[in-house]
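Printed here is start-v6.cif (mmCIF, C-alpha atoms):
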```
data_entry
loop_
_atom_site.label_atom_id
_atom_site.label_comp_id
_atom_site.auth_asym_id
_atom_site.auth_seq_id
_atom_site.Cartn_x
_atom_site.Cartn_y
_atom_site.Cartn_z
CA MET G 28 16.39 1.66 -10.62
CA THR G 29 17.70 4.22 -8.12
CA VAL G 30 15.12 3.77 -5.36
CA ASN G 31 14.06 0.41 -3.97
CA PRO G 32 10.31 0.22 -4.77
CA VAL G 33 9.58 -2.73 -2.47
CA TYR G 34 7.61 -2.24 0.72
CA CYS G 35 7.38 -5.41 2.78
CA ALA G 36 3.99 -6.12 4.34
CA LEU G 37 4.72 -7.33 7.88
CA ASP G 38 2.07 -10.02 8.25
CA THR G 39 2.16 -10.31 12.02
CA THR G 40 0.47 -8.91 15.12
CA ASP G 41 3.56 -9.48 17.25
CA ILE G 42 5.66 -6.36 17.88
CA ALA G 43 8.89 -8.26 18.47
CA THR G 44 8.47 -10.18 15.21
CA ALA G 45 7.70 -6.99 13.28
CA VAL G 46 10.77 -5.26 14.72
CA ARG G 47 12.99 -8.26 14.02
CA LEU G 48 11.82 -8.49 10.40
CA THR G 49 12.25 -4.76 9.88
CA ARG G 50 15.82 -4.89 11.14
CA GLN G 51 16.57 -7.93 8.97
CA LEU G 52 15.27 -6.13 5.90
CA ASP G 53 17.08 -2.84 6.45
CA GLY G 54 18.84 -1.95 3.20
CA LEU G 55 16.97 -4.63 1.24
CA VAL G 56 13.51 -3.01 1.00
CA GLY G 57 12.36 0.56 0.56
CA GLY G 58 10.08 0.41 3.59
CA VAL G 59 7.66 -1.72 5.56
CA LYS G 60 3.88 -1.85 5.73
CA LEU G 61 1.77 -2.27 8.84
CA GLY G 62 -1.92 -2.94 8.45
CA LEU G 63 -5.17 -2.89 10.34
CA GLU G 64 -4.56 -6.19 12.11
CA PHE G 65 -1.26 -5.03 13.61
CA HIS G 66 -2.60 -1.60 14.55
CA THR G 67 -5.71 -3.06 16.18
CA ALA G 68 -3.61 -5.46 18.24
CA ASN G 69 -0.90 -3.01 19.30
CA GLY G 70 -2.08 0.55 18.76
CA SER G 71 0.20 3.51 18.24
CA ASP G 72 2.89 2.17 20.58
CA GLY G 73 3.36 -0.86 18.33
CA VAL G 74 3.60 1.33 15.25
CA ARG G 75 6.18 3.57 16.96
CA ALA G 76 8.29 0.53 17.89
CA VAL G 77 8.54 -0.50 14.24
CA ALA G 78 9.02 3.07 13.03
CA ALA G 79 11.94 3.46 15.44
CA CYS G 80 13.89 0.96 13.29
CA GLY G 81 14.25 3.76 10.76
CA LEU G 82 12.65 2.37 7.59
CA PRO G 83 9.87 4.38 5.89
CA LEU G 84 6.47 3.22 7.11
CA PHE G 85 3.35 2.53 5.09
CA LEU G 86 0.44 2.64 7.55
CA ASP G 87 -2.28 0.77 5.70
CA LEU G 88 -5.50 1.37 7.66
CA LYS G 89 -7.93 1.85 4.74
CA PHE G 90 -10.12 4.52 6.36
CA HIS G 91 -13.76 4.61 5.26
CA ASP G 92 -16.23 6.72 7.22
CA ILE G 93 -17.91 10.12 7.10
CA PRO G 94 -15.53 12.93 6.06
CA ASN G 95 -15.17 14.47 9.52
CA THR G 96 -14.33 11.14 11.13
CA VAL G 97 -11.79 10.22 8.46
CA ALA G 98 -10.17 13.66 8.75
CA GLY G 99 -9.78 13.13 12.49
CA ALA G 100 -8.34 9.66 11.98
CA ILE G 101 -5.85 10.97 9.43
CA LYS G 102 -4.69 13.67 11.86
CA SER G 103 -4.07 11.00 14.50
CA ALA G 104 -2.20 8.83 12.00
CA VAL G 105 0.03 11.72 10.91
CA ARG G 106 1.38 11.99 14.47
CA LEU G 107 3.08 8.63 13.81
CA ALA G 108 4.91 10.16 10.81
CA PRO G 109 4.09 7.47 8.24
CA ALA G 110 5.34 7.87 4.69
CA MET G 111 1.86 6.99 3.42
CA THR G 112 -1.55 5.82 4.55
CA THR G 113 -4.71 4.60 2.85
CA LEU G 114 -8.43 5.14 2.53
CA HIS G 115 -11.18 3.57 0.43
CA ALA G 116 -12.03 5.54 -2.69
CA ILE G 117 -15.57 4.22 -2.47
CA GLY G 118 -16.00 6.56 0.52
CA GLY G 119 -16.45 9.37 -1.98
CA ALA G 120 -14.79 12.58 -3.13
CA GLU G 121 -15.74 14.66 -0.09
CA MET G 122 -14.23 12.10 2.27
CA MET G 123 -11.01 11.92 0.25
CA ARG G 124 -10.66 15.70 0.04
CA ALA G 125 -11.14 15.94 3.80
CA ALA G 126 -8.37 13.38 4.29
CA VAL G 127 -5.93 15.22 2.02
CA ASP G 128 -6.62 18.53 3.76
CA ALA G 129 -6.29 16.95 7.21
CA ALA G 130 -2.95 15.36 6.30
CA GLY G 131 -1.49 18.71 5.29
CA GLU G 132 -2.82 20.48 8.35
CA ALA G 133 -1.58 17.82 10.77
CA ALA G 134 1.86 17.57 9.15
CA GLY G 135 2.37 21.28 9.66
CA ARG G 136 1.15 21.08 13.23
CA TYR G 137 3.40 18.19 14.22
CA GLY G 138 6.42 19.18 12.16
CA VAL G 139 6.56 16.01 10.06
CA ALA G 140 6.48 15.33 6.33
CA ARG G 141 2.97 15.07 4.94
CA PRO G 142 2.24 11.42 4.17
CA TRP G 143 0.95 10.34 0.82
CA ILE G 144 -2.78 9.72 0.89
CA LEU G 145 -3.46 6.62 -1.17
CA ALA G 146 -6.90 5.58 -2.40
CA VAL G 147 -7.79 1.89 -2.58
CA THR G 148 -9.92 1.03 -5.60
CA VAL G 149 -10.86 -2.67 -5.68
CA LEU G 150 -9.21 -5.05 -3.24
CA THR G 151 -6.88 -7.50 -5.00
CA SER G 152 -8.63 -10.39 -3.25
CA MET G 153 -11.79 -9.61 -5.25
CA GLY G 154 -12.50 -10.89 -8.72
CA GLU G 155 -15.31 -10.39 -11.24
CA ALA G 156 -17.63 -12.84 -9.48
CA GLU G 157 -17.71 -10.85 -6.22
CA LEU G 158 -18.71 -7.44 -7.59
CA PRO G 159 -22.42 -8.12 -8.20
CA SER G 160 -22.79 -9.35 -4.62
CA ILE G 161 -21.82 -5.89 -3.33
CA GLY G 162 -24.03 -4.05 -5.78
CA VAL G 163 -21.39 -3.07 -8.33
CA GLY G 164 -22.18 -3.48 -12.01
CA GLY G 165 -19.65 -3.85 -14.79
CA THR G 166 -16.18 -5.31 -14.62
CA VAL G 167 -13.40 -4.90 -12.07
CA ALA G 168 -11.60 -2.73 -14.62
CA ASP G 169 -14.65 -0.46 -14.95
CA GLN G 170 -14.87 0.01 -11.18
CA VAL G 171 -11.14 0.63 -10.81
CA LYS G 172 -11.15 3.33 -13.49
CA ARG G 173 -14.24 4.97 -12.02
CA LEU G 174 -12.84 5.11 -8.49
CA ALA G 175 -9.34 6.09 -9.59
CA GLY G 176 -10.69 9.04 -11.56
CA LEU G 177 -12.74 10.16 -8.58
CA ALA G 178 -9.71 9.88 -6.31
CA GLN G 179 -7.52 11.91 -8.64
CA GLU G 180 -10.15 14.65 -8.77
CA ALA G 181 -10.21 14.65 -4.96
CA GLY G 182 -6.46 15.33 -4.84
CA VAL G 183 -5.00 12.10 -3.47
CA ASP G 184 -1.33 11.34 -3.98
CA GLY G 185 -1.70 7.83 -5.27
CA ILE G 186 -3.85 4.85 -6.09
CA VAL G 187 -3.62 1.32 -4.73
CA CYS G 188 -4.55 -1.10 -7.48
CA SER G 189 -3.85 -4.51 -8.95
CA PRO G 190 -0.74 -4.80 -11.15
CA HIS G 191 -3.01 -5.70 -14.05
CA GLU G 192 -4.55 -2.20 -13.93
CA VAL G 193 -1.25 -0.30 -14.01
CA GLU G 194 -1.11 0.36 -17.74
CA THR G 195 -4.75 1.38 -17.92
CA LEU G 196 -4.43 3.78 -14.99
CA ARG G 197 -1.20 5.29 -16.31
CA ALA G 198 -2.99 6.10 -19.55
CA GLN G 199 -6.00 7.49 -17.69
CA LEU G 200 -4.27 9.42 -14.88
CA GLY G 201 -0.86 10.37 -16.28
CA ARG G 202 2.47 10.39 -14.46
CA ASP G 203 1.61 12.83 -11.66
CA ILE G 204 -0.03 10.21 -9.45
CA LYS G 205 1.66 7.30 -7.71
CA LEU G 206 0.59 3.73 -8.37
CA VAL G 207 1.10 1.43 -5.38
CA ILE G 208 0.67 -2.23 -6.17
CA PRO G 209 -0.14 -5.15 -3.86
CA GLY G 210 -0.72 -8.60 -5.29
CA ILE G 211 2.94 -8.86 -6.25
CA ARG G 212 4.27 -12.41 -6.35
CA PRO G 213 7.66 -13.48 -7.71
CA LEU G 214 7.35 -16.46 -10.04
CA TRP G 215 8.87 -18.70 -7.35
CA ALA G 216 6.21 -17.73 -4.75
CA ASP G 217 2.64 -18.96 -4.18
CA ALA G 218 -0.25 -16.64 -5.08
CA ASN G 219 -2.03 -17.39 -1.75
CA ASP G 220 -5.37 -15.49 -1.59
CA GLN G 221 -4.45 -12.86 -4.18
CA LYS G 222 -6.36 -13.36 -7.42
CA ARG G 223 -4.90 -10.59 -9.59
CA VAL G 224 -1.13 -10.97 -9.30
CA LEU G 225 2.03 -10.16 -11.27
CA GLY G 226 5.79 -10.48 -10.85
CA PRO G 227 7.84 -7.54 -9.46
CA ALA G 228 9.88 -6.72 -12.57
CA GLU G 229 6.86 -6.93 -14.85
CA ALA G 230 4.83 -4.64 -12.57
CA VAL G 231 7.58 -2.00 -12.57
CA ALA G 232 7.90 -2.27 -16.34
CA LYS G 233 4.18 -1.57 -16.66
CA GLY G 234 4.53 1.62 -14.62
CA ALA G 235 4.18 0.71 -10.93
CA ASP G 236 5.87 3.10 -8.49
CA LEU G 237 5.81 0.97 -5.33
CA LEU G 238 5.37 -2.77 -4.85
CA VAL G 239 3.85 -4.27 -1.70
CA ILE G 240 5.19 -7.77 -1.07
CA GLY G 241 4.36 -9.73 2.06
CA ARG G 242 4.41 -13.50 2.41
CA PRO G 243 7.05 -14.22 -0.27
CA ILE G 244 9.40 -12.37 2.08
CA THR G 245 7.97 -12.79 5.57
CA ALA G 246 7.14 -16.50 5.23
CA ALA G 247 10.48 -17.38 3.69
CA THR G 248 12.98 -19.42 5.66
CA ASP G 249 15.38 -16.51 5.21
CA PRO G 250 13.40 -13.26 4.75
CA ALA G 251 16.51 -11.22 4.03
CA GLU G 252 17.58 -13.59 1.28
CA ALA G 253 14.08 -13.52 -0.24
CA ALA G 254 14.15 -9.71 -0.26
CA ARG G 255 17.65 -9.75 -1.72
CA ARG G 256 16.48 -12.10 -4.48
CA ILE G 257 13.58 -9.80 -5.39
CA LEU G 258 15.85 -6.75 -5.39
CA SER G 259 18.32 -8.55 -7.64
CA GLU G 260 15.55 -9.46 -10.09
CA LEU G 261 14.45 -5.81 -10.22
CA GLN G 262 18.01 -4.57 -10.74
CA ASP G 263 18.63 -7.11 -13.51
CA ALA G 264 15.45 -5.99 -15.27
CA ALA G 265 16.17 -2.27 -14.96
#
```
Please go through the file and, once you have read it, give me the structure as structure tokens.
Amino acid sequence: MTVNPVYCALDTTDIATAVRLTRQLDGLVGGVKLGLEFHTANGSDGVRAVAACGLPLFLDLKFHDIPNTVAGAIKSAVRLAPAMTTLHAIGGAEMMRAAVDAAGEAAGRYGVARPWILAVTVLTSMGEAELPSIGVGGTVADQVKRLAGLAQEAGVDGIVCSPHEVETLRAQLGRDIKLVIPGIRPLWADANDQKRVLGPAEAVAKGADLLVIGRPITAATDPAEAARRILSELQDAA
């Protein structure tokens, strides 16, 4: 393992806490993730404060709207120079293509690297029982494969999916697309509200490119030690 695949999800709305955690984790994780809750509370200034710490930033805002609106939102997000950002694949191919095009255009305009555009398939908090209630037939696996295929055709850089779908999506999509995996829980950590979980080393072995790990690190008494323990497990398994 030459690159640390762990992105720590900073589960806080407090800027000072996010900055402190990011500094503690420097050198122990590959990057940090800020989500909708943090961005809603603090806006772009909060994101810039965390980004100033120097770690790659995963801006997880899960855009889902008409293509023109999502394209505009992506252009605004690119100004913050994230390494990657997200949208919902269920928004459709046209929306995803508009996002990919907007990311490239904005990166050139602002002189920053183009972020990966990642498509979310089925949220890892959802299981088989929830799909019929939102009008989706078939299994979670069926829906993930359907949306992942649509996202690949639309030109996204990667897919966000459960670790249990990694092998299936690798076979379906090949190696040219990134697989970014939340729902990662070391064996010594609680699953919390994630229903489809897997350990870090096992997820990488199945073909995951990046692992998103939040509470096992952020809720630990010593977040740096928790991150160090995960990194050691990954290195031992490599």
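The nearest approach to Cys35 of chain G among the residues G:Ala100, G:Glu64, G:Leu84, G:Val193, with only C-alpha atoms taken into account, belongs to G:Leu84.
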Item to check | Computed interatomic separation between atom CA of Gly185 of chain G and atom CA of Gly54 of chain G (Å) | outcome: 24.3 Å
Item to check | Distance query segment 143-145 of chain G at most 7 Å, only C-alpha atoms, self and fewer than 3 positions along chain excluded, as a PyMOL selection string | outcome: chain G and resi 110-114+127+183-187
Checklist entry - Can you list, as a list of chain:residue names, every protein, DNA or RNA residue that comes within 9 Å of Ala130 of chain G when you count all atoms listed in the file, leaving out same-chain residues fewer than 5 positions away? => result G:Ala98, G:Ile101, G:Lys102, G:Ala104, G:Val105, G:Ala125, G:Gly135, G:Arg141, G:Pro142, G:Trp143, G:Ile144
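For the set G:Arg106, G:Glu252, G:Leu225, G:Leu261, the residue with the smallest atom-to-atom gap to Asp53 of chain G is G:Glu252, counting only C-alpha atoms.
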Item to check | Exercise: Val74 of chain G partners within 10 Å, all atoms listed in the file, chain neighbours under 3 positions left out, as a ChimeraX atom specification | outcome: /G:42,45-46,61-62,65-66,69-71,77-79,84,86,107-109
Next on the checklist: Between atom CA of Ile208 of chain G and atom CA of Gly226 of chain G, what is the distance in Å, rounded to a tenth?
Outcome noted: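 These atoms are spaced 10.8 Å apart.
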Next on the checklist: Residues within 12 Å of Leu258 of chain G, please, as a ChimeraX atom specification. Count all atoms listed in the file; anything in the same chain fewer than 2 positions from it doesn't count.
Outcome noted: /G:28-35,52,54-57,213,227-228,231,238,240,244,251-256,260-265
Checklist entry - What's the 12 Å shell around Arg202 of chain G, counting all atoms listed in the file, without same-chain residues fewer than 3 positions away, as a count of residues only? => result 15
Residues within 12 Å of (6.5, -12.7, 12.2), file coordinates, counting all atoms listed in the file: what are they? Give the list as a short mmCIF file (atom, residue, chain, number, x, y, z; two decimals) with C-alpha atoms, in the coordinates of the input.
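Result file follows (part.cif):
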```
data_model
loop_
_atom_site.label_atom_id
_atom_site.label_comp_id
_atom_site.auth_asym_id
_atom_site.auth_seq_id
_atom_site.Cartn_x
_atom_site.Cartn_y
_atom_site.Cartn_z
CA CYS G 35 7.38 -5.41 2.78
CA ALA G 36 3.99 -6.12 4.34
CA LEU G 37 4.72 -7.33 7.88
CA ASP G 38 2.07 -10.02 8.25
CA THR G 39 2.16 -10.31 12.02
CA THR G 40 0.47 -8.91 15.12
CA ASP G 41 3.56 -9.48 17.25
CA ILE G 42 5.66 -6.36 17.88
CA ALA G 43 8.89 -8.26 18.47
CA THR G 44 8.47 -10.18 15.21
CA ALA G 45 7.70 -6.99 13.28
CA VAL G 46 10.77 -5.26 14.72
CA ARG G 47 12.99 -8.26 14.02
CA LEU G 48 11.82 -8.49 10.40
CA THR G 49 12.25 -4.76 9.88
CA GLN G 51 16.57 -7.93 8.97
CA LEU G 61 1.77 -2.27 8.84
CA PHE G 65 -1.26 -5.03 13.61
CA GLY G 241 4.36 -9.73 2.06
CA ARG G 242 4.41 -13.50 2.41
CA ILE G 244 9.40 -12.37 2.08
CA THR G 245 7.97 -12.79 5.57
CA ALA G 246 7.14 -16.50 5.23
CA ALA G 247 10.48 -17.38 3.69
CA THR G 248 12.98 -19.42 5.66
CA ASP G 249 15.38 -16.51 5.21
CA PRO G 250 13.40 -13.26 4.75
#
```
Around segment 72-83 of chain G, fit a box with edges along x, y and z, padding it by 6 Å on each side, then list its centre and edge lengths in Å to one decimal as lines of an AutoDock Vina configuration file.
```
center_x = 8.6
center_y = 1.8
center_z = 13.2
size_x = 23.4
size_y = 17.2
size_z = 26.7
```
Next on the checklist: I'd like to see the residues matched by the PyMOL selection byres ((chain G and resi 155-158) around 12) on this file, and ideally I'd get them as a list in words.
Outcome noted: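 Selection result, ordered by chain and number: Val149, Leu150, Thr151, Ser152, Met153, Gly154, Pro159, Ser160, Ile161, Gly162, Val163, Gly164, Gly165, Thr166, Val167, Ala168, Asp169, Gln170, Val171, Lys222 and Arg223 of chain G.
Nearest residue to Ala116 of chain G among G:Thr148, G:Thr195, G:Thr96, G:Ser103 is G:Thr148, counting only C-alpha atoms.
Across the model, the gap from atom CA of Ser189 of chain G to atom CA of Ala129 of chain G is 27.0 Å.
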The PyMOL selection byres ((chain G and resi 117) around 10) resolved against shown file, as a JSON list (two decimals) with C-alpha atoms, keeping the file's coordinate frame:
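Ended up saving to expr.json:
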```
[["chain", "number", "residue", "atom", "x", "y", "z"],
["G", 91, "HIS", "CA", -13.76, 4.61, 5.26],
["G", 114, "LEU", "CA", -8.43, 5.14, 2.53],
["G", 115, "HIS", "CA", -11.18, 3.57, 0.43],
["G", 116, "ALA", "CA", -12.03, 5.54, -2.69],
["G", 118, "GLY", "CA", -16.00, 6.56, 0.52],
["G", 119, "GLY", "CA", -16.45, 9.37, -1.98],
["G", 120, "ALA", "CA", -14.79, 12.58, -3.13],
["G", 122, "MET", "CA", -14.23, 12.10, 2.27],
["G", 123, "MET", "CA", -11.01, 11.92, 0.25],
["G", 146, "ALA", "CA", -6.90, 5.58, -2.40],
["G", 147, "VAL", "CA", -7.79, 1.89, -2.58],
["G", 148, "THR", "CA", -9.92, 1.03, -5.60],
["G", 149, "VAL", "CA", -10.86, -2.67, -5.68],
["G", 170, "GLN", "CA", -14.87, 0.01, -11.18],
["G", 173, "ARG", "CA", -14.24, 4.97, -12.02],
["G", 174, "LEU", "CA", -12.84, 5.11, -8.49],
["G", 175, "ALA", "CA", -9.34, 6.09, -9.59],
["G", 177, "LEU", "CA", -12.74, 10.16, -8.58],
["G", 178, "ALA", "CA", -9.71, 9.88, -6.31]]
```
Checklist entry - Pick from G:Arg124, G:Leu200, G:Thr67, G:Phe85: nearest to Val239 of chain G, with all atoms listed in the file counted? => result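 Under the stated criterion, the closest residue is G:Phe85.
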